[in-house]
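Next comes entry_2.csv, a file with CSV, N, CA and C atoms.
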```csv
chain,number,residue,atom,x,y,z
A,2,ILE,N,-76.9,-12.4,-51.9
A,2,ILE,CA,-76.6,-11.5,-50.8
A,2,ILE,C,-77.9,-10.9,-50.4
A,3,LYS,N,-78.2,-11.0,-49.1
A,3,LYS,CA,-79.5,-10.4,-48.6
A,3,LYS,C,-79.2,-9.0,-48.1
A,4,MET,N,-79.8,-8.0,-48.7
A,4,MET,CA,-79.6,-6.6,-48.4
A,4,MET,C,-81.0,-6.0,-48.6
A,5,ASN,N,-81.6,-5.4,-47.6
A,5,ASN,CA,-82.9,-4.9,-47.7
A,5,ASN,C,-82.8,-3.4,-48.1
A,6,LEU,N,-83.9,-3.0,-48.8
A,6,LEU,CA,-84.0,-1.6,-49.2
A,6,LEU,C,-85.2,-1.0,-48.4
A,7,HIS,N,-85.0,0.2,-47.9
A,7,HIS,CA,-86.0,0.9,-47.1
A,7,HIS,C,-86.1,2.3,-47.6
A,8,ILE,N,-87.3,2.8,-47.5
A,8,ILE,CA,-87.6,4.2,-48.1
A,8,ILE,C,-88.4,5.0,-47.1
A,9,ARG,N,-88.1,6.3,-47.1
A,9,ARG,CA,-88.9,7.3,-46.3
A,9,ARG,C,-88.9,8.6,-47.1
A,10,THR,N,-90.1,9.1,-47.3
A,10,THR,CA,-90.3,10.3,-48.0
A,10,THR,C,-90.0,11.5,-47.1
A,11,LYS,N,-90.0,12.7,-47.7
A,11,LYS,CA,-89.8,13.9,-46.9
A,11,LYS,C,-91.0,14.1,-45.9
A,12,ASP,N,-92.2,13.8,-46.4
A,12,ASP,CA,-93.4,14.0,-45.5
A,12,ASP,C,-93.3,13.0,-44.4
A,13,GLU,N,-93.0,11.8,-44.6
A,13,GLU,CA,-92.9,10.7,-43.6
A,13,GLU,C,-91.8,11.1,-42.6
A,14,LYS,N,-90.7,11.7,-43.0
A,14,LYS,CA,-89.7,12.1,-42.1
A,14,LYS,C,-90.2,13.2,-41.1
A,15,LYS,N,-90.9,14.1,-41.7
A,15,LYS,CA,-91.5,15.3,-40.9
A,15,LYS,C,-92.4,14.8,-39.8
A,16,LYS,N,-93.2,13.7,-40.2
A,16,LYS,CA,-94.2,13.2,-39.2
A,16,LYS,C,-93.5,12.6,-38.0
A,17,GLY,N,-92.3,12.1,-38.2
A,17,GLY,CA,-91.6,11.5,-37.1
A,17,GLY,C,-92.2,10.2,-36.5
A,18,ASP,N,-92.7,9.4,-37.4
A,18,ASP,CA,-93.3,8.1,-37.0
A,18,ASP,C,-92.3,7.2,-36.3
A,19,ILE,N,-92.9,6.3,-35.4
A,19,ILE,CA,-92.0,5.4,-34.7
A,19,ILE,C,-91.2,4.5,-35.6
A,20,LYS,N,-91.9,4.0,-36.6
A,20,LYS,CA,-91.2,3.2,-37.6
A,20,LYS,C,-91.2,4.0,-38.9
A,21,PRO,N,-90.2,4.8,-39.1
A,21,PRO,CA,-90.2,5.8,-40.2
A,21,PRO,C,-89.9,5.2,-41.5
A,22,TYR,N,-89.2,4.1,-41.6
A,22,TYR,CA,-88.9,3.6,-43.0
A,22,TYR,C,-89.8,2.4,-43.3
A,23,VAL,N,-90.1,2.3,-44.6
A,23,VAL,CA,-90.9,1.1,-45.0
A,23,VAL,C,-90.1,0.4,-46.0
A,24,HIS,N,-90.4,-0.9,-46.1
A,24,HIS,CA,-89.6,-1.8,-47.0
A,24,HIS,C,-89.9,-1.4,-48.4
A,25,LEU,N,-88.9,-1.3,-49.2
A,25,LEU,CA,-89.0,-0.9,-50.6
A,25,LEU,C,-88.8,-2.1,-51.5
A,26,ASN,N,-89.8,-2.4,-52.4
A,26,ASN,CA,-89.6,-3.5,-53.4
A,26,ASN,C,-89.5,-2.9,-54.7
A,27,LEU,N,-88.5,-3.1,-55.4
A,27,LEU,CA,-88.3,-2.6,-56.8
A,27,LEU,C,-88.3,-3.8,-57.8
A,28,PRO,N,-89.5,-4.2,-58.1
A,28,PRO,CA,-89.6,-5.4,-59.0
A,28,PRO,C,-89.1,-5.0,-60.4
A,29,HIS,N,-88.7,-6.0,-61.2
A,29,HIS,CA,-88.3,-5.9,-62.6
A,29,HIS,C,-87.1,-4.9,-62.7
A,30,SER,N,-86.3,-4.8,-61.7
A,30,SER,CA,-85.1,-4.0,-61.8
A,30,SER,C,-83.9,-4.9,-61.6
A,31,ASP,N,-82.7,-4.4,-62.0
A,31,ASP,CA,-81.5,-5.1,-61.8
A,31,ASP,C,-80.7,-4.6,-60.6
A,32,VAL,N,-81.5,-4.0,-59.7
A,32,VAL,CA,-80.8,-3.4,-58.5
A,32,VAL,C,-80.2,-4.6,-57.7
A,33,ARG,N,-80.9,-5.7,-57.6
A,33,ARG,CA,-80.3,-6.8,-56.8
A,33,ARG,C,-79.0,-7.3,-57.4
A,34,HIS,N,-78.9,-7.3,-58.7
A,34,HIS,CA,-77.6,-7.7,-59.3
A,34,HIS,C,-76.5,-6.7,-59.0
A,35,ARG,N,-76.9,-5.4,-59.0
A,35,ARG,CA,-75.9,-4.4,-58.6
A,35,ARG,C,-75.5,-4.4,-57.1
A,36,ILE,N,-76.5,-4.8,-56.3
A,36,ILE,CA,-76.1,-5.0,-54.9
A,36,ILE,C,-75.0,-6.1,-54.7
A,37,ASN,N,-75.2,-7.2,-55.5
A,37,ASN,CA,-74.2,-8.2,-55.5
A,37,ASN,C,-72.8,-7.7,-56.0
A,38,ALA,N,-72.9,-6.9,-57.0
A,38,ALA,CA,-71.7,-6.3,-57.5
A,38,ALA,C,-71.0,-5.4,-56.5
A,39,PHE,N,-71.8,-4.6,-55.8
A,39,PHE,CA,-71.3,-3.8,-54.7
A,39,PHE,C,-70.6,-4.6,-53.6
A,40,HIS,N,-71.3,-5.6,-53.2
A,40,HIS,CA,-70.7,-6.5,-52.1
A,40,HIS,C,-69.4,-7.2,-52.6
A,41,SER,N,-69.3,-7.5,-53.8
A,41,SER,CA,-68.1,-8.1,-54.3
A,41,SER,C,-67.0,-7.1,-54.7
A,42,GLY,N,-67.3,-5.8,-54.5
A,42,GLY,CA,-66.3,-4.8,-54.8
A,42,GLY,C,-66.2,-4.4,-56.2
A,43,LYS,N,-67.1,-4.8,-57.0
A,43,LYS,CA,-67.0,-4.4,-58.5
A,43,LYS,C,-67.6,-3.0,-58.8
A,44,ILE,N,-68.4,-2.5,-57.9
A,44,ILE,CA,-68.9,-1.1,-58.1
A,44,ILE,C,-68.9,-0.4,-56.8
A,45,SER,N,-68.9,0.9,-56.9
A,45,SER,CA,-68.8,1.8,-55.7
A,45,SER,C,-70.2,2.0,-55.1
A,46,ALA,N,-70.2,2.6,-53.9
A,46,ALA,CA,-71.5,3.0,-53.3
A,46,ALA,C,-72.2,4.0,-54.1
A,47,CYS,N,-71.4,4.9,-54.7
A,47,CYS,CA,-72.0,5.9,-55.6
A,47,CYS,C,-72.7,5.3,-56.8
A,48,ALA,N,-72.1,4.3,-57.4
A,48,ALA,CA,-72.7,3.6,-58.5
A,48,ALA,C,-74.0,2.9,-58.1
A,49,LEU,N,-74.0,2.3,-56.9
A,49,LEU,CA,-75.2,1.6,-56.4
A,49,LEU,C,-76.3,2.6,-56.2
A,50,ALA,N,-75.9,3.7,-55.6
A,50,ALA,CA,-76.9,4.8,-55.3
A,50,ALA,C,-77.5,5.3,-56.6
A,51,SER,N,-76.7,5.4,-57.6
A,51,SER,CA,-77.2,5.9,-58.9
A,51,SER,C,-78.2,4.9,-59.5
A,52,ASP,N,-77.9,3.6,-59.3
A,52,ASP,CA,-78.9,2.5,-59.8
A,52,ASP,C,-80.2,2.6,-59.0
A,53,VAL,N,-80.1,2.8,-57.7
A,53,VAL,CA,-81.3,2.9,-56.9
A,53,VAL,C,-82.2,4.1,-57.3
A,54,ILE,N,-81.6,5.3,-57.4
A,54,ILE,CA,-82.4,6.5,-57.8
A,54,ILE,C,-82.9,6.3,-59.2
A,55,THR,N,-82.2,5.7,-60.1
A,55,THR,CA,-82.7,5.4,-61.4
A,55,THR,C,-83.9,4.5,-61.4
A,56,ALA,N,-83.8,3.5,-60.6
A,56,ALA,CA,-85.0,2.5,-60.5
A,56,ALA,C,-86.2,3.2,-59.9
A,57,LEU,N,-86.0,4.1,-58.9
A,57,LEU,CA,-87.1,4.8,-58.3
A,57,LEU,C,-87.7,5.8,-59.3
A,58,PHE,N,-86.8,6.5,-60.1
A,58,PHE,CA,-87.3,7.4,-61.1
A,58,PHE,C,-88.2,6.7,-62.1
A,59,HIS,N,-87.7,5.6,-62.6
A,59,HIS,CA,-88.5,4.9,-63.6
A,59,HIS,C,-89.7,4.2,-63.1
A,60,ARG,N,-89.8,4.0,-61.8
A,60,ARG,CA,-91.0,3.5,-61.1
A,60,ARG,C,-92.1,4.5,-61.2
A,61,ASP,N,-91.7,5.8,-61.0
A,61,ASP,CA,-92.7,6.9,-60.8
A,61,ASP,C,-92.9,7.7,-62.1
A,62,PHE,N,-92.0,7.7,-63.0
A,62,PHE,CA,-92.0,8.5,-64.2
A,62,PHE,C,-92.8,7.8,-65.4
A,63,MET,N,-93.7,8.6,-66.0
A,63,MET,CA,-94.4,8.1,-67.1
A,63,MET,C,-93.9,8.7,-68.4
A,64,PRO,N,-93.0,8.0,-69.1
A,64,PRO,CA,-92.3,8.6,-70.3
A,64,PRO,C,-93.3,8.8,-71.4
A,65,GLY,N,-92.9,9.7,-72.3
A,65,GLY,CA,-93.6,10.0,-73.5
A,65,GLY,C,-92.7,10.5,-74.5
A,66,THR,N,-93.2,10.9,-75.6
A,66,THR,CA,-92.3,11.5,-76.7
A,66,THR,C,-91.8,12.8,-76.2
A,67,HIS,N,-90.6,13.2,-76.7
A,67,HIS,CA,-90.0,14.5,-76.5
A,67,HIS,C,-89.4,14.6,-75.1
A,68,TRP,N,-89.3,13.6,-74.3
A,68,TRP,CA,-88.7,13.7,-73.0
A,68,TRP,C,-87.2,13.3,-73.1
A,69,ASN,N,-86.3,14.0,-72.6
A,69,ASN,CA,-84.9,13.7,-72.6
A,69,ASN,C,-84.5,13.3,-71.2
A,70,ILE,N,-84.2,12.1,-71.0
A,70,ILE,CA,-83.8,11.6,-69.6
A,70,ILE,C,-82.4,11.7,-69.4
A,71,ASP,N,-82.0,12.4,-68.3
A,71,ASP,CA,-80.6,12.7,-68.0
A,71,ASP,C,-80.0,11.5,-67.2
A,72,ALA,N,-78.7,11.4,-67.2
A,72,ALA,CA,-78.1,10.4,-66.3
A,72,ALA,C,-78.3,10.8,-64.8
A,73,ALA,N,-78.3,9.9,-63.9
A,73,ALA,CA,-78.4,10.2,-62.5
A,73,ALA,C,-77.1,11.0,-62.1
A,74,THR,N,-77.3,11.9,-61.1
A,74,THR,CA,-76.1,12.6,-60.6
A,74,THR,C,-76.0,12.2,-59.1
A,75,VAL,N,-74.8,11.9,-58.6
A,75,VAL,CA,-74.6,11.5,-57.2
A,75,VAL,C,-73.4,12.3,-56.7
A,76,ASP,N,-73.6,12.6,-55.4
A,76,ASP,CA,-72.5,13.3,-54.7
A,76,ASP,C,-72.4,12.6,-53.3
A,77,GLU,N,-71.2,12.0,-53.1
A,77,GLU,CA,-71.0,11.4,-51.8
A,77,GLU,C,-70.7,12.4,-50.7
A,78,LEU,N,-71.4,12.3,-49.6
A,78,LEU,CA,-71.3,13.2,-48.4
A,78,LEU,C,-70.2,12.6,-47.5
A,79,LEU,N,-69.5,13.4,-46.9
A,79,LEU,CA,-68.4,12.9,-46.0
A,79,LEU,C,-69.0,12.5,-44.6
A,80,LEU,N,-70.0,13.2,-44.1
A,80,LEU,CA,-70.5,12.9,-42.8
A,80,LEU,C,-72.0,12.6,-42.9
A,81,ASP,N,-72.5,11.6,-42.2
A,81,ASP,CA,-73.9,11.4,-42.1
A,81,ASP,C,-74.5,12.3,-41.1
A,82,PRO,N,-75.5,13.1,-41.5
A,82,PRO,CA,-76.1,14.0,-40.6
A,82,PRO,C,-77.0,13.4,-39.5
A,83,GLU,N,-77.4,12.1,-39.8
A,83,GLU,CA,-78.3,11.4,-38.9
A,83,GLU,C,-78.0,9.9,-38.9
A,84,PRO,N,-78.0,9.3,-37.8
A,84,PRO,CA,-77.7,7.8,-37.8
A,84,PRO,C,-78.8,7.1,-38.5
A,85,LEU,N,-78.4,5.9,-39.0
A,85,LEU,CA,-79.4,5.0,-39.7
A,85,LEU,C,-80.5,4.6,-38.8
A,86,VAL,N,-80.2,3.6,-38.0
A,86,VAL,CA,-81.1,3.0,-37.1
A,86,VAL,C,-80.4,2.5,-35.8
A,87,ASN,N,-81.1,2.0,-34.8
A,87,ASN,CA,-80.4,1.6,-33.6
A,87,ASN,C,-79.9,0.2,-33.9
A,88,ASP,N,-78.9,0.1,-34.7
A,88,ASP,CA,-78.3,-1.2,-35.0
A,88,ASP,C,-76.8,-1.2,-34.7
A,89,GLU,N,-76.4,-1.8,-33.7
A,89,GLU,CA,-74.9,-1.7,-33.3
A,89,GLU,C,-74.0,-2.2,-34.3
A,90,GLU,N,-74.4,-3.3,-35.0
A,90,GLU,CA,-73.6,-3.9,-36.0
A,90,GLU,C,-73.3,-2.9,-37.2
A,91,ASP,N,-74.4,-2.3,-37.6
A,91,ASP,CA,-74.2,-1.3,-38.7
A,91,ASP,C,-73.5,-0.1,-38.3
A,92,ARG,N,-73.6,0.3,-37.0
A,92,ARG,CA,-72.9,1.5,-36.6
A,92,ARG,C,-71.4,1.4,-36.5
A,93,THR,N,-71.0,0.1,-36.4
A,93,THR,CA,-69.5,-0.1,-36.3
A,93,THR,C,-68.9,-0.2,-37.6
A,94,LYS,N,-69.7,-0.3,-38.7
A,94,LYS,CA,-69.1,-0.4,-40.0
A,94,LYS,C,-69.3,0.9,-40.8
A,95,LYS,N,-68.6,1.1,-41.9
A,95,LYS,CA,-68.7,2.3,-42.7
A,95,LYS,C,-70.0,2.4,-43.4
A,96,THR,N,-70.6,3.5,-43.3
A,96,THR,CA,-71.9,3.8,-44.0
A,96,THR,C,-71.6,4.9,-45.1
A,97,SER,N,-71.9,4.6,-46.3
A,97,SER,CA,-71.7,5.6,-47.3
A,97,SER,C,-73.0,6.4,-47.5
A,98,VAL,N,-72.9,7.7,-47.6
A,98,VAL,CA,-74.1,8.6,-47.7
A,98,VAL,C,-73.9,9.4,-49.0
A,99,VAL,N,-75.0,9.3,-49.8
A,99,VAL,CA,-74.9,9.9,-51.2
A,99,VAL,C,-76.2,10.7,-51.4
A,100,LYS,N,-76.0,11.9,-51.9
A,100,LYS,CA,-77.1,12.7,-52.4
A,100,LYS,C,-77.3,12.3,-53.9
A,101,ALA,N,-78.5,11.9,-54.3
A,101,ALA,CA,-78.7,11.4,-55.6
A,101,ALA,C,-79.9,12.1,-56.3
A,102,GLU,N,-79.8,12.3,-57.6
A,102,GLU,CA,-80.9,12.9,-58.3
A,102,GLU,C,-81.0,12.4,-59.7
A,103,LYS,N,-82.2,12.2,-60.3
A,103,LYS,CA,-82.3,11.8,-61.7
A,103,LYS,C,-83.5,12.7,-62.2
A,104,GLN,N,-83.3,13.2,-63.4
A,104,GLN,CA,-84.4,14.0,-64.0
A,104,GLN,C,-84.5,13.8,-65.5
A,105,ALA,N,-85.7,14.2,-65.9
A,105,ALA,CA,-86.0,14.2,-67.4
A,105,ALA,C,-86.5,15.6,-67.7
A,106,VAL,N,-86.2,16.1,-68.9
A,106,VAL,CA,-86.7,17.4,-69.3
A,106,VAL,C,-87.5,17.2,-70.6
A,107,TRP,N,-88.6,18.0,-70.7
A,107,TRP,CA,-89.4,18.0,-71.9
A,107,TRP,C,-89.4,19.5,-72.4
A,108,ASP,N,-88.7,19.7,-73.5
A,108,ASP,CA,-88.6,21.1,-74.0
A,108,ASP,C,-88.9,21.0,-75.5
A,109,TRP,N,-90.2,21.2,-75.8
A,109,TRP,CA,-90.7,21.0,-77.2
A,109,TRP,C,-91.9,22.0,-77.4
A,110,LYS,N,-91.8,22.7,-78.5
A,110,LYS,CA,-92.8,23.7,-79.0
A,110,LYS,C,-93.2,24.6,-77.8
A,111,ASP,N,-92.3,25.3,-77.3
A,111,ASP,CA,-92.5,26.4,-76.3
A,111,ASP,C,-93.1,25.8,-75.0
A,112,VAL,N,-93.0,24.5,-74.8
A,112,VAL,CA,-93.4,23.9,-73.5
A,112,VAL,C,-92.2,23.3,-72.8
A,113,TYR,N,-92.0,23.6,-71.6
A,113,TYR,CA,-90.9,23.1,-70.8
A,113,TYR,C,-91.4,22.5,-69.5
A,114,SER,N,-91.0,21.2,-69.3
A,114,SER,CA,-91.3,20.5,-68.0
A,114,SER,C,-90.1,19.8,-67.5
A,115,VAL,N,-90.1,19.6,-66.2
A,115,VAL,CA,-89.0,18.8,-65.6
A,115,VAL,C,-89.7,17.8,-64.7
A,116,ALA,N,-89.2,16.5,-64.8
A,116,ALA,CA,-89.6,15.5,-63.8
A,116,ALA,C,-88.3,15.1,-63.1
A,117,SER,N,-88.4,15.1,-61.7
A,117,SER,CA,-87.2,14.9,-61.0
A,117,SER,C,-87.4,14.0,-59.8
A,118,ALA,N,-86.5,13.1,-59.5
A,118,ALA,CA,-86.5,12.3,-58.3
A,118,ALA,C,-85.2,12.6,-57.5
A,119,LYS,N,-85.3,12.8,-56.2
A,119,LYS,CA,-84.2,13.2,-55.4
A,119,LYS,C,-84.3,12.4,-54.1
A,120,ALA,N,-83.1,12.1,-53.5
A,120,ALA,CA,-83.0,11.4,-52.2
A,120,ALA,C,-81.6,11.4,-51.7
A,121,THR,N,-81.5,11.2,-50.4
A,121,THR,CA,-80.3,10.9,-49.7
A,121,THR,C,-80.3,9.4,-49.5
A,122,ILE,N,-79.3,8.7,-50.1
A,122,ILE,CA,-79.2,7.3,-50.0
A,122,ILE,C,-78.1,6.9,-49.1
A,123,LYS,N,-78.4,6.1,-48.1
A,123,LYS,CA,-77.4,5.6,-47.1
A,123,LYS,C,-77.2,4.1,-47.3
A,124,ILE,N,-76.0,3.7,-47.5
A,124,ILE,CA,-75.7,2.3,-47.8
A,124,ILE,C,-74.8,1.8,-46.7
A,125,SER,N,-75.3,0.9,-46.0
A,125,SER,CA,-74.5,0.2,-44.9
A,125,SER,C,-74.1,-1.2,-45.4
A,126,SER,N,-73.5,-1.9,-44.5
A,126,SER,CA,-73.1,-3.3,-44.9
A,126,SER,C,-74.3,-4.2,-45.0
A,127,ARG,N,-75.4,-3.9,-44.4
A,127,ARG,CA,-76.6,-4.8,-44.4
A,127,ARG,C,-77.8,-4.2,-45.2
A,128,ASP,N,-77.9,-2.9,-45.2
A,128,ASP,CA,-79.2,-2.3,-45.8
A,128,ASP,C,-78.9,-1.1,-46.6
A,129,ILE,N,-79.9,-0.7,-47.4
A,129,ILE,CA,-79.9,0.6,-48.1
A,129,ILE,C,-81.1,1.3,-47.7
A,130,TYR,N,-80.9,2.6,-47.2
A,130,TYR,CA,-81.9,3.5,-46.8
A,130,TYR,C,-82.1,4.6,-47.8
A,131,VAL,N,-83.2,4.8,-48.3
A,131,VAL,CA,-83.5,5.9,-49.2
A,131,VAL,C,-84.3,6.9,-48.3
A,132,ASP,N,-83.7,8.0,-48.1
A,132,ASP,CA,-84.2,9.0,-47.1
A,132,ASP,C,-84.6,10.3,-47.9
A,133,ASP,N,-85.6,11.0,-47.4
A,133,ASP,CA,-86.0,12.3,-48.0
A,133,ASP,C,-86.4,12.1,-49.5
A,134,TYR,N,-86.9,11.0,-49.8
A,134,TYR,CA,-87.3,10.8,-51.3
A,134,TYR,C,-88.4,11.7,-51.7
A,135,SER,N,-88.2,12.3,-52.9
A,135,SER,CA,-89.2,13.1,-53.4
A,135,SER,C,-89.2,12.9,-55.0
A,136,TYR,N,-90.4,13.0,-55.5
A,136,TYR,CA,-90.6,12.9,-57.0
A,136,TYR,C,-91.6,14.0,-57.4
A,137,TYR,N,-91.3,14.7,-58.4
A,137,TYR,CA,-92.2,15.8,-58.8
A,137,TYR,C,-92.1,16.0,-60.3
A,138,VAL,N,-93.1,16.6,-60.9
A,138,VAL,CA,-93.1,17.0,-62.2
A,138,VAL,C,-93.6,18.5,-62.2
A,139,ALA,N,-92.8,19.4,-62.8
A,139,ALA,CA,-93.1,20.8,-62.8
A,139,ALA,C,-93.1,21.3,-64.3
A,140,GLY,N,-94.0,22.2,-64.5
A,140,GLY,CA,-94.0,22.8,-65.8
A,140,GLY,C,-95.3,22.6,-66.6
```
As structure tokens - that is how I would like this structure written.
Amino acid sequence: IKMNLHIRTKDEKKKGDIKPYVHLNLPHSDVRHRINAFHSGKISACALASDVITALFHRDFMPGTHWNIDAATVDELLLDPEPLVNDEEDRTKKTSVVKAEKQAVWDWKDVYSVASAKATIKISSRDIYVDDYSYYVAG
């Protein structure tokens, strides 16, 4: 099943570029298998969003000892605050919108740090849009 992934960071969204999303390539991930599972009805949009934020987190995160990686959290939103793109076919079909976050905590010998990836993930019948993506490490 051909389904493209697109991404736009918070900074890119603020700039308001004409072509705001860029193609997202997640090599060495099983996101493609999960997309097929989603299309066949075996997993929900929330489960697919969880897999996408997890893949992005592991793309950006440099693990080390003493990090505890939490499971991704997802919350499905009822209304999409912003349309996806000017695509009539996608507009006529249901789009799932999910707030997703994945984080890791390092709490060892009086040192505390948090690494976090957050995004709004929009899943249509043809594409996945990762919007407002941010990744940071604090502490």
Choose the residue, out of A:Leu49, A:Trp109, A:Asp12, A:Pro64, that has the smallest atom-to-atom separation from A:Val32; count only N, CA and C atoms.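 Going through A:Leu49, A:Trp109, A:Asp12, A:Pro64 one by one, the smallest distance to A:Val32 is for A:Leu49.
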Might you pull out every residue within 8 Å of A:Ala73, with only N, CA and C atoms counted and same-chain residues fewer than 4 positions away left off, and present them as a PyMOL selection string? chain A and resi 50-52+54-55+101-104
Preceding selection exported with N, CA and C atoms as a JSON list (two decimals), in the coordinates of the input:
```json
[["chain", "number", "residue", "atom", "x", "y", "z"],
["A", 50, "ALA", "N", -75.90, 3.70, -55.60],
["A", 50, "ALA", "CA", -76.90, 4.80, -55.30],
["A", 50, "ALA", "C", -77.50, 5.30, -56.60],
["A", 51, "SER", "N", -76.70, 5.40, -57.60],
["A", 51, "SER", "CA", -77.20, 5.90, -58.90],
["A", 51, "SER", "C", -78.20, 4.90, -59.50],
["A", 52, "ASP", "N", -77.90, 3.60, -59.30],
["A", 52, "ASP", "CA", -78.90, 2.50, -59.80],
["A", 52, "ASP", "C", -80.20, 2.60, -59.00],
["A", 54, "ILE", "N", -81.60, 5.30, -57.40],
["A", 54, "ILE", "CA", -82.40, 6.50, -57.80],
["A", 54, "ILE", "C", -82.90, 6.30, -59.20],
["A", 55, "THR", "N", -82.20, 5.70, -60.10],
["A", 55, "THR", "CA", -82.70, 5.40, -61.40],
["A", 55, "THR", "C", -83.90, 4.50, -61.40],
["A", 101, "ALA", "N", -78.50, 11.90, -54.30],
["A", 101, "ALA", "CA", -78.70, 11.40, -55.60],
["A", 101, "ALA", "C", -79.90, 12.10, -56.30],
["A", 102, "GLU", "N", -79.80, 12.30, -57.60],
["A", 102, "GLU", "CA", -80.90, 12.90, -58.30],
["A", 102, "GLU", "C", -81.00, 12.40, -59.70],
["A", 103, "LYS", "N", -82.20, 12.20, -60.30],
["A", 103, "LYS", "CA", -82.30, 11.80, -61.70],
["A", 103, "LYS", "C", -83.50, 12.70, -62.20],
["A", 104, "GLN", "N", -83.30, 13.20, -63.40],
["A", 104, "GLN", "CA", -84.40, 14.00, -64.00],
["A", 104, "GLN", "C", -84.50, 13.80, -65.50]]
```
Distance in Å - atom CA of A:Ile122 versus atom CA of A:Lys43: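 Here the two named atoms are 18.9 Å from each other.
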Could you please determine the separation between atom CA of A:Val131 and atom CA of A:Arg60 in Å, to one decimal place? 14.3 Å
For A:Tyr136, work out the shell of residues within 6.5 Å, counting all atoms listed in the file and skipping chain neighbours fewer than 5 positions away, then give it as an mmCIF file with N, CA and C atoms, in the frame of the given file.
```
data_model
loop_
_atom_site.group_PDB
_atom_site.id
_atom_site.type_symbol
_atom_site.label_atom_id
_atom_site.label_comp_id
_atom_site.auth_asym_id
_atom_site.auth_seq_id
_atom_site.Cartn_x
_atom_site.Cartn_y
_atom_site.Cartn_z
ATOM 1 N N SER A 117 -88.400 15.100 -61.700
ATOM 2 C CA SER A 117 -87.200 14.900 -61.000
ATOM 3 C C SER A 117 -87.400 14.000 -59.800
ATOM 4 N N ALA A 118 -86.500 13.100 -59.500
ATOM 5 C CA ALA A 118 -86.500 12.300 -58.300
ATOM 6 C C ALA A 118 -85.200 12.600 -57.500
ATOM 7 N N LYS A 119 -85.300 12.800 -56.200
ATOM 8 C CA LYS A 119 -84.200 13.200 -55.400
ATOM 9 C C LYS A 119 -84.300 12.400 -54.100
#
```
Could you tell me which of A:Ala105, A:Val98, A:Asn5, A:Ile44 comes closest to A:Thr66 if we count only C-alpha atoms?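 Ranking A:Ala105, A:Val98, A:Asn5, A:Ile44 by distance to A:Thr66, first place goes to A:Ala105.
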I need the residue nearest A:Ser126 from this list: A:Thr10, A:Thr96, A:Val106, A:Leu79. Use all atoms listed in the file for the distance.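 The shortest atom-to-atom distance to A:Ser126 comes from A:Thr96.
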